[in-house]
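Colleague: Pasting in a structure now, in structure tokens, and then I'll have a few things to ask.
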Amino acid sequence: MAILVDENTKILVQGITGSFGGRHAQLSLDYGTKLVAGVTPGKGGQTFADTVPIFDTVKDAVGETSATVSAIFVPPPFAGDAILEAVDAGVDLVVAITEGIPVMDMMKVRAAMKDSDTRLIGPNCPGVVTPGRGENSQGGCRIGIAPGYIHRRGKVGVVSRSGTLTYEAVYQLTSLGLGQSTCVGIGGDPINGTSHIDVLKMFNEDPETEAIIMIGEIGGTAEEEAAVWAKENCDKPIAGFIAGATAPPGRRMGHAGAIVSGGKGTAEAKIAAMRDAGIEVADNPSDMGEALVRAMG
Amino acid sequence: MNIHEYQAKELFEKFGVATPKGQVAETPEEATAAAADLGSQIVVKAQVHAGGRGKGTFKNGFQGGVHLVNSADEAADVAGKMIGETLVTHQTGEEGKQVNKVMVADAVDIEKEYYLAILMDRESRSPVIVASTEGGVNIEEVAEQTPEKIFREVIHPLLGLQPYEIRNLASGLGLSGDTAKQFGKLLKGVFKLFMSCDCSMVEINPLVTTPDGQVLALDAKFDFDDNALYRHPDIEALHDPTEEDPREVEAAKYDLNYIGLDGNIACLVNGAGLAMATMDIIKQSGGEPANFLDVGGGATQEQVRNAFKIILGDPNVKGILVNIFGGIMDCDVIAKGIVAACGEVDLSIPLVVRLEGNNVEAGKETLAGSDVDLIAADTLADAAQKAVAAIS
């Protein structure tokens, strides 16, 4: 089962001819992901890696290939438009990898998506991986920039705002012999498409997922809201980690959304809310895998 | 990105937002000239980004970064005591900030002070206008103690500010007649500025009414979305690097995310979340982080080399912790960057390295085969403990 995507999901990449998009499109192909189309305006008719057709528009790509997911690798000034194009073409899921999209653009994109059936993940995120069942998790669905080989297919759902912290968690799980159902990077921007709580709900309903790791960081109140929801509604064990306890207030820690302002969004408040919800919070990032083992009892 | 008060005034003028008459001056002579155009009550304000200017002290002993004067000569005298001097306020830290310019403006007769701000609210994913009858004070205290004195309007992201929202706010503030009309004009201007300049915050504190019926923005703080500066070269030009930590200015040149802190263990990490977590674990292990440094997901050898130079330029640094989880990034590239950097900088403090992930064996071999004196660590917890032990 897994959530959002599985081995058979057909994806397309917007911005496939850029160096970053192209590199990761190739890695997804190597992983065995069904990457069926690329989109770069003005380059329709060409092919990527000799096999993947490139289209001028998302509409054409979806029409020809029946792709249901779009990964966005378009540079920040054009990324908002690229998301809206994918939404208009009717894909089920848009995963925006692009870092550095103006907040005003994301605000308008989210407002425009209000009545849409399309789900947005990101922006400024590592993407989504549902590991495959082959060697080193080959054959899975890798959307974005995560290293595929660290994954193993299994029963732990991972949701995180940070890229490398997700890889740490996944690597620890795999080293402990615990595979993952789906790993979702929701991104580090202040306005994003999907929040912790949305992903927790999906994991809670997914029969394959038996336990969850939720990784957060300072800024906003999304982790607190997810913890309150989990306390009442989630019947699966959860482990967590929050980065940024030592970050000075008022400073933006790399991610545009990682900032403590007006006394809101502190690590202390998030950890307290998570512990109150019965979530096993790891004391340090080396302990995320072990924390999940403790949570599972 | 923040800007100076005089720059905020210029922006306000461009968008039809009323402010007291005044000018910026870089010399006492310019202050005299600026004051000549004004009334008999004049205010001279030091231009630094930090708050608490009025209660600050200059390192030359001169008290206060905001002064009321009654003549052009006095304005020049006060300006002379501020310009080129270093002002210390509760927000600048002990080192203070050098004042290069002063604002010389009409000291307006204030009838009542209000608070008005527009900010990008992440929860509602909309601009939110916050107004209060309590101006000139700390708004967070007002929100806590007398929340009924704060009025909020969530603005539709696509429709923008509506007339009824202006009426709601004016009514909340108790404004009527011509004053309410002037408030509306001012608010429309501020909102237009907020949206068209990609602001993340505009805070007017205080907004004042005067006995002769004017509504004026007396002091303002701006914050702009750094991600949107590419489309506002005019605003990017307002950036004053002398207001920032020079290490941060240097790091920005190489596309490194660096924030200077007060501790003595420097860290170099890939990824913002992991970089924060590395700071946290240093603290947990009994040390103090000297910085936040995210070299990014695709750091090059050159970036690692420059990152090393920047952290070693901090005299407080007594040890370095490198924590890399090479997902896609090749650990060997990082290892080669470390070796190259150490070859250039004559490393004399302990260096703890924890590499994990893609091509980690080659990376470890590169480090082991070099003559760099380093302490290898397996996990992040192990690395933090070793770094703290190495400097104590």
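Following the order of the structure tokens, first chain is A, next is B, and so on, with residues numbered from 1 inside each chain and ligands from 1 in the order they appear.
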Compute the chain B side of the contact with chain A at 8 Å, counting only C-alpha atoms, and hand it back as a PyMOL selection string.
Modeller: chain B and resi 122-123+125-126+140+157-158+195+198+225-228+257-259+270-274+276-277+279-281+283+292+294+297+325+327-328+379-381
Colleague: Could you find all residues in stretch 320-360 of chain B that DSSP calls alpha helix (DSSP H) from the backbone, and write them as a PyMOL selection string?
Modeller: chain B and resi 331-345+360
Colleague: Export, as a PDB file, in the first residue's frame, the selected residues with N, CA and C atoms.
Modeller:
ATOM      1  N   CYS B 331      30.675  11.729  -0.120  1.00  0.00           N
ATOM      2  CA  CYS B 331      31.495  12.000   1.063  1.00  0.00           C
ATOM      3  C   CYS B 331      32.953  12.270   0.697  1.00  0.00           C
ATOM      4  N   ASP B 332      33.401  11.670  -0.402  1.00  0.00           N
ATOM      5  CA  ASP B 332      34.793  11.865  -0.798  1.00  0.00           C
ATOM      6  C   ASP B 332      35.048  13.309  -1.244  1.00  0.00           C
ATOM      7  N   VAL B 333      34.014  13.938  -1.828  1.00  0.00           N
ATOM      8  CA  VAL B 333      34.157  15.348  -2.233  1.00  0.00           C
ATOM      9  C   VAL B 333      34.371  16.211  -0.989  1.00  0.00           C
ATOM     10  N   ILE B 334      33.604  15.918   0.045  1.00  0.00           N
ATOM     11  CA  ILE B 334      33.740  16.659   1.296  1.00  0.00           C
ATOM     12  C   ILE B 334      35.126  16.399   1.893  1.00  0.00           C
ATOM     13  N   ALA B 335      35.536  15.146   1.899  1.00  0.00           N
ATOM     14  CA  ALA B 335      36.839  14.790   2.462  1.00  0.00           C
ATOM     15  C   ALA B 335      37.952  15.536   1.740  1.00  0.00           C
ATOM     16  N   LYS B 336      37.863  15.580   0.420  1.00  0.00           N
ATOM     17  CA  LYS B 336      38.894  16.286  -0.360  1.00  0.00           C
ATOM     18  C   LYS B 336      38.866  17.784  -0.056  1.00  0.00           C
ATOM     19  N   GLY B 337      37.670  18.332   0.151  1.00  0.00           N
ATOM     20  CA  GLY B 337      37.538  19.746   0.511  1.00  0.00           C
ATOM     21  C   GLY B 337      38.196  20.027   1.854  1.00  0.00           C
ATOM     22  N   ILE B 338      37.999  19.117   2.801  1.00  0.00           N
ATOM     23  CA  ILE B 338      38.597  19.291   4.129  1.00  0.00           C
ATOM     24  C   ILE B 338      40.124  19.258   4.027  1.00  0.00           C
ATOM     25  N   VAL B 339      40.628  18.288   3.284  1.00  0.00           N
ATOM     26  CA  VAL B 339      42.086  18.158   3.135  1.00  0.00           C
ATOM     27  C   VAL B 339      42.658  19.410   2.467  1.00  0.00           C
ATOM     28  N   ALA B 340      41.988  19.875   1.403  1.00  0.00           N
ATOM     29  CA  ALA B 340      42.464  21.065   0.696  1.00  0.00           C
ATOM     30  C   ALA B 340      42.456  22.276   1.620  1.00  0.00           C
ATOM     31  N   ALA B 341      41.369  22.423   2.396  1.00  0.00           N
ATOM     32  CA  ALA B 341      41.246  23.579   3.286  1.00  0.00           C
ATOM     33  C   ALA B 341      42.332  23.536   4.359  1.00  0.00           C
ATOM     34  N   CYS B 342      42.533  22.362   4.950  1.00  0.00           N
ATOM     35  CA  CYS B 342      43.518  22.257   6.026  1.00  0.00           C
ATOM     36  C   CYS B 342      44.919  22.522   5.499  1.00  0.00           C
ATOM     37  N   GLY B 343      45.156  22.167   4.238  1.00  0.00           N
ATOM     38  CA  GLY B 343      46.454  22.437   3.629  1.00  0.00           C
ATOM     39  C   GLY B 343      46.713  23.929   3.527  1.00  0.00           C
ATOM     40  N   GLU B 344      45.650  24.719   3.414  1.00  0.00           N
ATOM     41  CA  GLU B 344      45.802  26.163   3.206  1.00  0.00           C
ATOM     42  C   GLU B 344      45.807  26.963   4.498  1.00  0.00           C
ATOM     43  N   VAL B 345      45.130  26.452   5.515  1.00  0.00           N
ATOM     44  CA  VAL B 345      44.876  27.326   6.663  1.00  0.00           C
ATOM     45  C   VAL B 345      45.724  27.031   7.898  1.00  0.00           C
ATOM     46  N   VAL B 360      31.169   6.735   1.504  1.00  0.00           N
ATOM     47  CA  VAL B 360      31.814   7.104   2.768  1.00  0.00           C
ATOM     48  C   VAL B 360      33.182   6.437   2.927  1.00  0.00           C
TER      49      VAL B 360
END
Colleague: Please provide the set of residues having any atom within 7 Å of A:Phe73, restricted to only C-alpha atoms, with same-chain residues fewer than 5 positions apart removed, written as a list in words.
Modeller: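 With the cut-off at 7 Å, the set is Gln14, Gly15, Gly21, Ala96, Ile97 and Thr98 of chain A.
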Colleague: Mind checking which residues fall within 10 Å of A:Ala211, counting only C-alpha atoms, ignoring those fewer than 3 positions away in the same chain, and posting them as an MDAnalysis selection string?
Modeller: chainID A and resid 155:158 180:181 203:204 208 235:239 292:293 295:296
Colleague: Emit the selected residues as a JSON list (two decimals), in the first residue's frame, including N, CA, C and O atoms.
Modeller:
[["chain", "number", "residue", "atom", "x", "y", "z"],
["A", 155, "LYS", "N", 7.68, -1.06, 7.29],
["A", 155, "LYS", "CA", 6.42, -0.65, 7.90],
["A", 155, "LYS", "C", 6.47, 0.68, 8.66],
["A", 155, "LYS", "O", 5.52, 1.03, 9.33],
["A", 156, "VAL", "N", 7.57, 1.42, 8.51],
["A", 156, "VAL", "CA", 7.66, 2.70, 9.22],
["A", 156, "VAL", "C", 7.41, 3.86, 8.26],
["A", 156, "VAL", "O", 8.04, 3.95, 7.21],
["A", 157, "GLY", "N", 6.50, 4.74, 8.63],
["A", 157, "GLY", "CA", 6.26, 5.94, 7.85],
["A", 157, "GLY", "C", 7.13, 7.07, 8.39],
["A", 157, "GLY", "O", 7.26, 7.22, 9.60],
["A", 158, "VAL", "N", 7.74, 7.86, 7.49],
["A", 158, "VAL", "CA", 8.60, 8.96, 7.93],
["A", 158, "VAL", "C", 8.07, 10.26, 7.35],
["A", 158, "VAL", "O", 7.79, 10.34, 6.14],
["A", 180, "GLN", "N", 10.83, 1.08, 5.54],
["A", 180, "GLN", "CA", 9.90, 2.21, 5.52],
["A", 180, "GLN", "C", 8.77, 1.95, 4.53],
["A", 180, "GLN", "O", 8.98, 1.35, 3.48],
["A", 181, "SER", "N", 7.57, 2.42, 4.87],
["A", 181, "SER", "CA", 6.45, 2.33, 3.93],
["A", 181, "SER", "C", 6.58, 3.47, 2.92],
["A", 181, "SER", "O", 6.73, 3.24, 1.73],
["A", 203, "PHE", "N", -0.80, 8.15, 7.08],
["A", 203, "PHE", "CA", -0.10, 6.99, 7.66],
["A", 203, "PHE", "C", -1.04, 6.20, 8.58],
["A", 203, "PHE", "O", -1.02, 4.97, 8.61],
["A", 204, "ASN", "N", -1.87, 6.93, 9.31],
["A", 204, "ASN", "CA", -2.78, 6.26, 10.25],
["A", 204, "ASN", "C", -3.75, 5.35, 9.51],
["A", 204, "ASN", "O", -4.16, 4.31, 10.02],
["A", 208, "GLU", "N", -0.23, -0.70, 5.67],
["A", 208, "GLU", "CA", 1.16, -1.15, 5.66],
["A", 208, "GLU", "C", 2.01, -0.45, 6.73],
["A", 208, "GLU", "O", 2.98, -1.00, 7.24],
["A", 235, "ASP", "N", -3.68, 5.78, 16.18],
["A", 235, "ASP", "CA", -3.55, 4.56, 16.97],
["A", 235, "ASP", "C", -2.24, 3.83, 16.70],
["A", 235, "ASP", "O", -2.08, 2.68, 17.06],
["A", 236, "LYS", "N", -1.28, 4.51, 16.05],
["A", 236, "LYS", "CA", 0.02, 3.86, 15.79],
["A", 236, "LYS", "C", 1.11, 4.56, 16.60],
["A", 236, "LYS", "O", 1.02, 5.76, 16.85],
["A", 237, "PRO", "N", 2.14, 3.81, 17.03],
["A", 237, "PRO", "CA", 3.21, 4.44, 17.81],
["A", 237, "PRO", "C", 3.98, 5.48, 16.98],
["A", 237, "PRO", "O", 4.21, 5.26, 15.79],
["A", 238, "ILE", "N", 4.33, 6.58, 17.63],
["A", 238, "ILE", "CA", 5.05, 7.65, 16.93],
["A", 238, "ILE", "C", 6.31, 7.99, 17.71],
["A", 238, "ILE", "O", 6.29, 8.12, 18.94],
["A", 239, "ALA", "N", 7.41, 8.16, 16.99],
["A", 239, "ALA", "CA", 8.63, 8.73, 17.57],
["A", 239, "ALA", "C", 8.87, 10.06, 16.88],
["A", 239, "ALA", "O", 8.40, 10.27, 15.76],
["A", 292, "LEU", "N", 12.20, 5.16, 17.90],
["A", 292, "LEU", "CA", 11.07, 4.46, 17.28],
["A", 292, "LEU", "C", 10.93, 3.05, 17.85],
["A", 292, "LEU", "O", 9.82, 2.59, 18.12],
["A", 293, "VAL", "N", 12.09, 2.40, 18.05],
["A", 293, "VAL", "CA", 12.05, 1.06, 18.65],
["A", 293, "VAL", "C", 11.39, 1.13, 20.02],
["A", 293, "VAL", "O", 10.53, 0.31, 20.36],
["A", 295, "ALA", "N", 9.26, 3.43, 21.03],
["A", 295, "ALA", "CA", 7.85, 3.76, 20.85],
["A", 295, "ALA", "C", 7.03, 2.52, 20.50],
["A", 295, "ALA", "O", 5.89, 2.38, 20.93],
["A", 296, "MET", "N", 7.67, 1.62, 19.73],
["A", 296, "MET", "CA", 6.95, 0.41, 19.31],
["A", 296, "MET", "C", 6.87, -0.61, 20.45],
["A", 296, "MET", "O", 6.14, -1.59, 20.34]]
Colleague: Residues near stretch 348-357 of chain B, anyone? I mean within 6 Å using only C-alpha atoms, not counting same-chain ones fewer than 4 positions away, as an mmCIF file with N, CA and C atoms, in the first residue's frame.
Modeller:
data_model
loop_
_atom_site.group_PDB
_atom_site.id
_atom_site.type_symbol
_atom_site.label_atom_id
_atom_site.label_comp_id
_atom_site.auth_asym_id
_atom_site.auth_seq_id
_atom_site.Cartn_x
_atom_site.Cartn_y
_atom_site.Cartn_z
ATOM 1 N N LYS B 318 37.478 27.127 19.196
ATOM 2 C CA LYS B 318 38.546 26.309 19.786
ATOM 3 C C LYS B 318 38.536 24.886 19.220
ATOM 4 N N GLY B 319 37.511 24.549 18.478
ATOM 5 C CA GLY B 319 37.431 23.220 17.885
ATOM 6 C C GLY B 319 36.392 23.215 16.781
ATOM 7 N N ILE B 320 36.501 22.223 15.882
ATOM 8 C CA ILE B 320 35.580 22.159 14.745
ATOM 9 C C ILE B 320 34.932 20.782 14.671
ATOM 10 N N LEU B 321 33.649 20.779 14.403
ATOM 11 C CA LEU B 321 32.939 19.525 14.196
ATOM 12 C C LEU B 321 32.350 19.538 12.779
ATOM 13 N N VAL B 322 32.787 18.586 11.967
ATOM 14 C CA VAL B 322 32.221 18.452 10.631
ATOM 15 C C VAL B 322 31.258 17.279 10.659
ATOM 16 N N ASN B 323 30.017 17.519 10.290
ATOM 17 C CA ASN B 323 29.014 16.462 10.280
ATOM 18 C C ASN B 323 28.343 16.420 8.916
ATOM 19 N N ILE B 324 28.661 15.393 8.159
ATOM 20 C CA ILE B 324 28.103 15.293 6.814
ATOM 21 C C ILE B 324 27.354 13.987 6.665
ATOM 22 N N PHE B 325 26.088 14.096 6.267
ATOM 23 C CA PHE B 325 25.393 12.905 5.819
ATOM 24 C C PHE B 325 25.295 13.003 4.306
ATOM 25 N N GLY B 326 26.161 12.290 3.629
ATOM 26 C CA GLY B 326 26.169 12.338 2.168
ATOM 27 C C GLY B 326 25.047 11.492 1.622
ATOM 28 N N GLY B 327 23.963 12.122 1.247
ATOM 29 C CA GLY B 327 22.874 11.385 0.645
ATOM 30 C C GLY B 327 23.234 11.172 -0.801
ATOM 31 N N LEU B 374 43.128 14.670 12.451
ATOM 32 C CA LEU B 374 41.719 14.798 12.815
ATOM 33 C C LEU B 374 41.260 13.648 13.687
ATOM 34 N N ILE B 375 40.127 13.871 14.332
ATOM 35 C CA ILE B 375 39.528 12.860 15.189
ATOM 36 C C ILE B 375 38.295 12.338 14.455
ATOM 37 N N ALA B 376 38.292 11.052 14.152
ATOM 38 C CA ALA B 376 37.161 10.491 13.416
ATOM 39 C C ALA B 376 36.067 10.074 14.397
ATOM 40 N N ALA B 377 34.809 10.239 13.981
ATOM 41 C CA ALA B 377 33.690 9.852 14.835
ATOM 42 C C ALA B 377 32.684 9.058 14.010
ATOM 43 N N ASP B 378 31.933 8.186 14.690
ATOM 44 C CA ASP B 378 31.000 7.315 13.977
ATOM 45 C C ASP B 378 29.599 7.887 13.881
ATOM 46 N N ALA B 387 34.186 16.247 20.256
ATOM 47 C CA ALA B 387 34.520 17.666 20.052
ATOM 48 C C ALA B 387 34.596 18.386 21.388
#
Colleague: How many Å separate atom CA of A:Pro249 from atom CA of B:Met82?
Modeller: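 Straight-line distance from atom CA of A:Pro249 to atom CA of B:Met82 works out to 29.2 Å.
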Colleague: Which of stretch 137-262 of chain A end up as strand (DSSP E or B) when DSSP is run on this backbone - answer as an MDAnalysis selection string?
Modeller: chainID A and resid 141:144 153:160 180:185 211:217 238:243 261
Colleague: Can I get the selection written as a short mmCIF file (atom, residue, chain, number, x, y, z; two decimals), in the first residue's frame, with N, CA, C and O atoms?
Modeller:
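Written output follows (part05.cif):
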data_model
loop_
_atom_site.label_atom_id
_atom_site.label_comp_id
_atom_site.auth_asym_id
_atom_site.auth_seq_id
_atom_site.Cartn_x
_atom_site.Cartn_y
_atom_site.Cartn_z
N CYS A 141 9.39 4.02 -5.86
CA CYS A 141 9.04 5.30 -6.47
C CYS A 141 9.80 6.40 -5.75
O CYS A 141 9.55 6.69 -4.58
N ARG A 142 10.78 6.97 -6.44
CA ARG A 142 11.60 8.04 -5.86
C ARG A 142 11.28 9.33 -6.60
O ARG A 142 11.58 9.47 -7.78
N ILE A 143 10.69 10.27 -5.87
CA ILE A 143 10.36 11.58 -6.45
C ILE A 143 11.16 12.61 -5.70
O ILE A 143 10.96 12.78 -4.49
N GLY A 144 12.08 13.27 -6.38
CA GLY A 144 12.84 14.30 -5.68
C GLY A 144 14.32 13.99 -5.61
O GLY A 144 14.90 13.48 -6.57
N ARG A 153 12.16 -1.36 2.04
CA ARG A 153 10.71 -1.38 2.13
C ARG A 153 10.30 -1.99 3.46
O ARG A 153 10.88 -3.01 3.89
N GLY A 154 9.36 -1.39 4.12
CA GLY A 154 8.93 -1.91 5.42
C GLY A 154 7.74 -1.18 5.96
O GLY A 154 6.90 -0.68 5.20
N LYS A 155 7.68 -1.06 7.29
CA LYS A 155 6.42 -0.65 7.90
C LYS A 155 6.47 0.68 8.66
O LYS A 155 5.52 1.03 9.33
N VAL A 156 7.57 1.42 8.51
CA VAL A 156 7.66 2.70 9.22
C VAL A 156 7.41 3.86 8.26
O VAL A 156 8.04 3.95 7.21
N GLY A 157 6.50 4.74 8.63
CA GLY A 157 6.26 5.94 7.85
C GLY A 157 7.13 7.07 8.39
O GLY A 157 7.26 7.22 9.60
N VAL A 158 7.74 7.86 7.49
CA VAL A 158 8.60 8.96 7.93
C VAL A 158 8.07 10.26 7.35
O VAL A 158 7.79 10.34 6.14
N VAL A 159 7.91 11.27 8.19
CA VAL A 159 7.50 12.59 7.71
C VAL A 159 8.42 13.63 8.35
O VAL A 159 8.69 13.57 9.54
N SER A 160 8.91 14.58 7.52
CA SER A 160 9.94 15.49 8.01
C SER A 160 9.94 16.80 7.25
O SER A 160 9.58 16.86 6.08
N GLN A 180 10.83 1.08 5.54
CA GLN A 180 9.90 2.21 5.52
C GLN A 180 8.77 1.95 4.53
O GLN A 180 8.98 1.35 3.48
N SER A 181 7.57 2.42 4.87
CA SER A 181 6.45 2.33 3.93
C SER A 181 6.58 3.47 2.92
O SER A 181 6.73 3.24 1.73
N THR A 182 6.57 4.69 3.42
CA THR A 182 6.79 5.87 2.57
C THR A 182 7.51 6.93 3.41
O THR A 182 7.26 7.05 4.62
N CYS A 183 8.42 7.66 2.78
CA CYS A 183 9.11 8.77 3.45
C CYS A 183 8.71 10.06 2.75
O CYS A 183 8.87 10.18 1.53
N VAL A 184 8.18 10.99 3.51
CA VAL A 184 7.64 12.23 2.94
C VAL A 184 8.39 13.43 3.51
O VAL A 184 8.37 13.67 4.71
N GLY A 185 9.03 14.19 2.64
CA GLY A 185 9.65 15.46 3.05
C GLY A 185 8.69 16.57 2.73
O GLY A 185 8.39 16.81 1.57
N ALA A 211 4.19 2.10 12.28
CA ALA A 211 4.75 3.08 13.21
C ALA A 211 5.22 4.28 12.40
O ALA A 211 5.40 4.19 11.19
N ILE A 212 5.40 5.41 13.10
CA ILE A 212 5.67 6.67 12.39
C ILE A 212 6.80 7.43 13.06
O ILE A 212 6.88 7.48 14.29
N ILE A 213 7.67 8.01 12.23
CA ILE A 213 8.64 8.98 12.76
C ILE A 213 8.26 10.35 12.21
O ILE A 213 8.07 10.51 11.00
N MET A 214 8.15 11.33 13.11
CA MET A 214 7.79 12.69 12.71
C MET A 214 8.94 13.61 13.11
O MET A 214 9.26 13.73 14.29
N ILE A 215 9.56 14.23 12.12
CA ILE A 215 10.71 15.10 12.38
C ILE A 215 10.32 16.54 12.09
O ILE A 215 9.83 16.86 11.00
N GLY A 216 10.55 17.40 13.06
CA GLY A 216 10.19 18.79 12.87
C GLY A 216 11.35 19.70 13.20
O GLY A 216 12.46 19.25 13.52
N GLU A 217 11.09 20.98 13.12
CA GLU A 217 12.11 21.96 13.50
C GLU A 217 11.39 23.21 13.98
O GLU A 217 10.17 23.32 13.88
N ILE A 238 4.33 6.58 17.63
CA ILE A 238 5.05 7.65 16.93
C ILE A 238 6.31 7.99 17.71
O ILE A 238 6.29 8.12 18.94
N ALA A 239 7.41 8.16 16.99
CA ALA A 239 8.63 8.73 17.57
C ALA A 239 8.87 10.06 16.88
O ALA A 239 8.40 10.27 15.76
N GLY A 240 9.59 10.96 17.55
CA GLY A 240 9.78 12.27 16.94
C GLY A 240 11.12 12.88 17.28
O GLY A 240 11.85 12.40 18.15
N PHE A 241 11.43 13.94 16.57
CA PHE A 241 12.61 14.74 16.88
C PHE A 241 12.35 16.16 16.40
O PHE A 241 11.72 16.36 15.36
N ILE A 242 12.84 17.13 17.19
CA ILE A 242 12.70 18.54 16.81
C ILE A 242 14.09 19.17 16.81
O ILE A 242 14.81 19.11 17.80
N ALA A 243 14.46 19.77 15.70
CA ALA A 243 15.77 20.44 15.60
C ALA A 243 15.62 21.92 15.89
O ALA A 243 14.59 22.52 15.56
N SER A 261 9.73 33.39 16.22
CA SER A 261 9.41 34.81 16.26
C SER A 261 8.23 35.05 17.18
O SER A 261 7.28 34.27 17.20
#
Colleague: Record the distance separating atom CA of B:Leu256 and atom CA of B:His4, expressed in Å with one decimal.
Modeller: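 Separation between atom CA of B:Leu256 and atom CA of B:His4: 25.1 Å.
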Colleague: Residues at most 8 Å from A:Ala82, counting only C-alpha atoms, excluding those fewer than 4 positions away in the same chain, as a VMD selection string?
Modeller: chain A and resid 14 72 74 78 86
Colleague: Generate the output file for the selected residues, N, CA, C and O atoms, as an mmCIF file, in the first residue's frame.
Modeller:
data_model
loop_
_atom_site.group_PDB
_atom_site.id
_atom_site.type_symbol
_atom_site.label_atom_id
_atom_site.label_comp_id
_atom_site.auth_asym_id
_atom_site.auth_seq_id
_atom_site.Cartn_x
_atom_site.Cartn_y
_atom_site.Cartn_z
ATOM 1 N N GLN A 14 9.005 18.354 -14.224
ATOM 2 C CA GLN A 14 9.030 19.692 -14.840
ATOM 3 C C GLN A 14 10.404 20.302 -14.558
ATOM 4 O O GLN A 14 10.817 20.383 -13.402
ATOM 5 N N ILE A 72 8.615 19.038 -9.410
ATOM 6 C CA ILE A 72 8.989 20.363 -9.922
ATOM 7 C C ILE A 72 10.437 20.679 -9.565
ATOM 8 O O ILE A 72 10.798 20.779 -8.390
ATOM 9 N N VAL A 74 11.863 23.339 -11.310
ATOM 10 C CA VAL A 74 11.945 24.606 -12.041
ATOM 11 C C VAL A 74 12.550 25.683 -11.131
ATOM 12 O O VAL A 74 12.255 25.699 -9.941
ATOM 13 N N PHE A 78 10.098 30.820 -11.624
ATOM 14 C CA PHE A 78 9.093 30.212 -12.504
ATOM 15 C C PHE A 78 8.357 29.053 -11.837
ATOM 16 O O PHE A 78 7.514 28.408 -12.444
ATOM 17 N N ALA A 86 0.778 22.344 -13.402
ATOM 18 C CA ALA A 86 0.562 20.931 -13.079
ATOM 19 C C ALA A 86 -0.826 20.721 -12.482
ATOM 20 O O ALA A 86 -1.519 19.756 -12.804
#
